[in-house]
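Right, one structure below, let's go through it.
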Amino acid sequence: MTAARPVAVVAGASGFVGEALVRAFTEDGYEVRTIGRSDADATWDHGGGIRALVEGAAVLVNLAGKSVNCRYTDANRDEILRSRVETTRSLREAVTDAATPPPVWLNASTATIYRYAMDRPQTETDGELGEGFSVDVARNWEDEFFAGDLPATRRVALRMAIVIGDGPATRTLLRLARLGLGGPQYDGWWWAHRRYRGIGAHPTGNGRPSWHRSRGRQRFSWIHLDDVVGAVRFFRDRHEISGPVNLAAPHASDNRTLMATLRRVVGQPIGLPACRFMLEPAMAVLRTEPELVLKSRWVSPHVLLSSGYDFAHTDLESALRTVAH
């Protein structure tokens, strides 16, 4: 009699990271079951179905949440927060109710939880959290994830940097480079708006957008999709690791270097620099936010490195060439 395969439950499996993880778990011999809005084994409005999937599962991964590659209108802001917190709450309740809960639960988070940093990298041990909308989304997300007592389930929050792969962030950057807009991006003054104001029960910040004279040297932390998958496998199998972990390549780039690299990768010799007064209307047309290229994200993967994880991609240019077509 053939032994039953272990079950991996993946919530939010329809995105490019989720699809990669489904393939990886299948390759590893797992029976993969999914939770999502549609075309899944259980939908978010079916609590009983979610509980049935979680019961006895070997691993639970949650990637659910509305894409942040959008304009931060009030409706989008609310949905970005709701889609993360409520789905995580539904899973936590299912794990709490399970007679045999999954021994490990890996939940997406974001490296944007850290402050704007140009002075030093932010690690899991000494990183300083920031303020404002994106940070508050991450705070509320992780607060919900780590709430309550789940003694039989190890919880790991995946603070992902920008993922290099066939996803929205990489596509936006490659598009800018191909259009001849692949020069450095300079932060600067812009008319006051409230799109980046704090959110949630305890919003942070003063409600006004901040800006910095970074001169195109704002840091760019990234991770290749292959290493997201590799890190998930690594954390799944390393039973001593729990809590927040940074998913980022060991060597962060900066905006000038990133854009020069993108120009080489797409074969575009021209790259017009862009000041904030140019980026704001351009990003509005692209229906996204300048924060993608203007925030200085400098994150170091201390837990992965100290635990012996071997990165597949540590060079930004070679990483980008795997996805540029």
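By convention here, the chains of the structure tokens are called A, B, ... in the order presented, each chain's residues are numbered starting at 1, and ligands are numbered starting at 1 in the order presented.
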
Open item on the list: Considering only strand (DSSP E or B) as DSSP defines it on the backbone, what residues of segment 32-195 of chain A qualify? List them as JSON, numbers by chain.
Closed with: {"A": [32, 33, 34, 35, 36, 42, 43, 59, 60, 61, 62, 104, 105, 106, 107, 108, 109, 110, 114, 122, 129, 154, 155, 156, 157, 158, 159, 160, 162, 163, 164, 185, 186]}

Open item on the list: Applying 8 Å and only C-alpha atoms, which residues near segment 132-138 of chain A remain after dropping the ones on its own chain fewer than 6 positions away? List them as a ChimeraX atom specification.
Closed with: /A:80-81,109-110,112-114,195-200,203-207

Sorted by chain and rising residue number, list the residues of segment 144-228 of chain A at most 8 Å from segment 255-276 of chain A (counting only C-alpha atoms), each with its closest atom pair and distance in Å to one decimal, as a Markdown table.
```
| residue | atom | partner | partner_atom | distance |
| --- | --- | --- | --- | --- |
| A:Leu173 | CA | A:Leu262 | CA | 7.7 |
| A:Leu174 | CA | A:Leu262 | CA | 6.5 |
| A:Ala177 | CA | A:Arg263 | CA | 5.7 |
| A:Arg178 | CA | A:Gln268 | CA | 6.2 |
| A:Gly180 | CA | A:Gly271 | CA | 4.8 |
| A:Leu181 | CA | A:Leu272 | CA | 4.9 |
| A:Gly182 | CA | A:Gly271 | CA | 4.2 |
| A:Gly183 | CA | A:Pro273 | CA | 4.0 |
| A:Pro184 | CA | A:Arg256 | CA | 4.8 |
| A:Gln185 | CA | A:Ala274 | CA | 4.9 |
| A:Tyr186 | CA | A:Cys275 | CA | 4.6 |
| A:Asp187 | CA | A:Arg276 | CA | 5.2 |
| A:Gly188 | CA | A:Arg276 | CA | 5.5 |
| A:Trp189 | CA | A:Arg276 | CA | 7.1 |
| A:Trp190 | CA | A:Arg276 | CA | 7.0 |
| A:Gly216 | CA | A:Asn255 | CA | 5.4 |
| A:Arg217 | CA | A:Asn255 | CA | 5.5 |
| A:Gln218 | CA | A:Asn255 | CA | 5.6 |
| A:Arg219 | CA | A:Asn255 | CA | 6.2 |
| A:Phe220 | CA | A:Asn255 | CA | 6.2 |
```

Please build the interface table for segment 205-288 of chain A against segment 302-317 of chain A with a cut-off of 8 Å, listing for each qualifying residue the nearest atom pair and the distance in Å to one decimal; count only C-alpha atoms, order rows by chain and increasing number, and write it as CSV.
```
residue,atom,partner,partner_atom,distance
A:Ile223,CA,A:His313,CA,7.8
A:His224,CA,A:His313,CA,6.4
A:Asp226,CA,A:Ala312,CA,7.0
A:Asp227,CA,A:Ala312,CA,6.2
A:Ala231,CA,A:Tyr309,CA,7.6
A:Phe234,CA,A:Tyr309,CA,7.3
A:Val245,CA,A:Val303,CA,6.3
A:Asn246,CA,A:Val303,CA,7.2
A:Leu247,CA,A:Leu304,CA,7.9
A:Ala249,CA,A:Thr314,CA,5.8
A:Pro250,CA,A:Thr314,CA,6.6
A:His251,CA,A:Thr314,CA,6.8
A:Ser253,CA,A:Leu316,CA,7.7
A:Leu258,CA,A:Leu316,CA,7.9
A:Thr261,CA,A:Glu317,CA,6.0
A:Leu262,CA,A:Glu317,CA,7.7
A:Val265,CA,A:Glu317,CA,7.3
```

Save out the residues we just selected, N, CA and C atoms, as a PDB file, in the first residue's frame.
```
ATOM      1  N   ILE A 223      15.562  40.108  -4.456  1.00  0.00           N
ATOM      2  CA  ILE A 223      15.800  38.670  -4.361  1.00  0.00           C
ATOM      3  C   ILE A 223      15.223  38.026  -5.608  1.00  0.00           C
ATOM      4  N   HIS A 224      15.932  37.053  -6.151  1.00  0.00           N
ATOM      5  CA  HIS A 224      15.434  36.353  -7.326  1.00  0.00           C
ATOM      6  C   HIS A 224      14.366  35.342  -6.909  1.00  0.00           C
ATOM      7  N   ASP A 226      13.994  32.353  -7.780  1.00  0.00           N
ATOM      8  CA  ASP A 226      14.577  31.049  -7.435  1.00  0.00           C
ATOM      9  C   ASP A 226      14.966  30.996  -5.957  1.00  0.00           C
ATOM     10  N   ASP A 227      15.450  32.115  -5.416  1.00  0.00           N
ATOM     11  CA  ASP A 227      15.859  32.128  -4.012  1.00  0.00           C
ATOM     12  C   ASP A 227      14.673  32.300  -3.068  1.00  0.00           C
ATOM     13  N   ALA A 231      14.456  29.637  -0.302  1.00  0.00           N
ATOM     14  CA  ALA A 231      14.337  30.027   1.105  1.00  0.00           C
ATOM     15  C   ALA A 231      13.127  29.377   1.759  1.00  0.00           C
ATOM     16  N   PHE A 234      14.064  25.962   2.521  1.00  0.00           N
ATOM     17  CA  PHE A 234      15.053  25.986   3.609  1.00  0.00           C
ATOM     18  C   PHE A 234      14.360  26.168   4.957  1.00  0.00           C
ATOM     19  N   VAL A 245      11.876  36.794   9.078  1.00  0.00           N
ATOM     20  CA  VAL A 245      13.131  36.560   8.367  1.00  0.00           C
ATOM     21  C   VAL A 245      13.151  37.426   7.109  1.00  0.00           C
ATOM     22  N   ASN A 246      14.330  37.937   6.759  1.00  0.00           N
ATOM     23  CA  ASN A 246      14.475  38.771   5.569  1.00  0.00           C
ATOM     24  C   ASN A 246      14.791  37.915   4.356  1.00  0.00           C
ATOM     25  N   LEU A 247      14.018  38.095   3.295  1.00  0.00           N
ATOM     26  CA  LEU A 247      14.281  37.442   2.023  1.00  0.00           C
ATOM     27  C   LEU A 247      14.840  38.495   1.075  1.00  0.00           C
ATOM     28  N   ALA A 249      18.713  39.276  -1.400  1.00  0.00           N
ATOM     29  CA  ALA A 249      20.057  38.862  -1.786  1.00  0.00           C
ATOM     30  C   ALA A 249      21.069  39.527  -0.862  1.00  0.00           C
ATOM     31  N   PRO A 250      22.236  38.922  -0.690  1.00  0.00           N
ATOM     32  CA  PRO A 250      23.206  39.461   0.281  1.00  0.00           C
ATOM     33  C   PRO A 250      23.701  40.865  -0.033  1.00  0.00           C
ATOM     34  N   HIS A 251      23.746  41.232  -1.319  1.00  0.00           N
ATOM     35  CA  HIS A 251      24.334  42.515  -1.698  1.00  0.00           C
ATOM     36  C   HIS A 251      23.283  43.409  -2.342  1.00  0.00           C
ATOM     37  N   SER A 253      21.804  46.697  -4.167  1.00  0.00           N
ATOM     38  CA  SER A 253      22.299  47.633  -5.166  1.00  0.00           C
ATOM     39  C   SER A 253      21.847  49.038  -4.768  1.00  0.00           C
ATOM     40  N   LEU A 258      21.126  50.031 -10.409  1.00  0.00           N
ATOM     41  CA  LEU A 258      19.988  49.252 -10.907  1.00  0.00           C
ATOM     42  C   LEU A 258      19.591  49.694 -12.304  1.00  0.00           C
ATOM     43  N   THR A 261      22.090  48.870 -14.970  1.00  0.00           N
ATOM     44  CA  THR A 261      22.038  47.432 -15.236  1.00  0.00           C
ATOM     45  C   THR A 261      20.848  47.094 -16.113  1.00  0.00           C
ATOM     46  N   LEU A 262      19.700  47.677 -15.829  1.00  0.00           N
ATOM     47  CA  LEU A 262      18.509  47.439 -16.648  1.00  0.00           C
ATOM     48  C   LEU A 262      18.741  47.883 -18.089  1.00  0.00           C
ATOM     49  N   VAL A 265      20.752  45.285 -19.840  1.00  0.00           N
ATOM     50  CA  VAL A 265      20.002  44.045 -20.028  1.00  0.00           C
ATOM     51  C   VAL A 265      19.034  44.147 -21.200  1.00  0.00           C
TER      52      VAL A 265
END
```

Task: For Ala201 of chain A, the nearest of the candidates A:Asp237, A:Asp97, A:Asp41, A:Asp143, counting only C-alpha atoms - done: A:Asp143

TODO: May I ask for the distance between atom CA of Met118 of chain A and atom CA of Ser214 of chain A, given in Å to one decimal place?
DONE: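 Taking atom CA of Met118 of chain A as the start and atom CA of Ser214 of chain A as the end point, the length is 8.5 Å.
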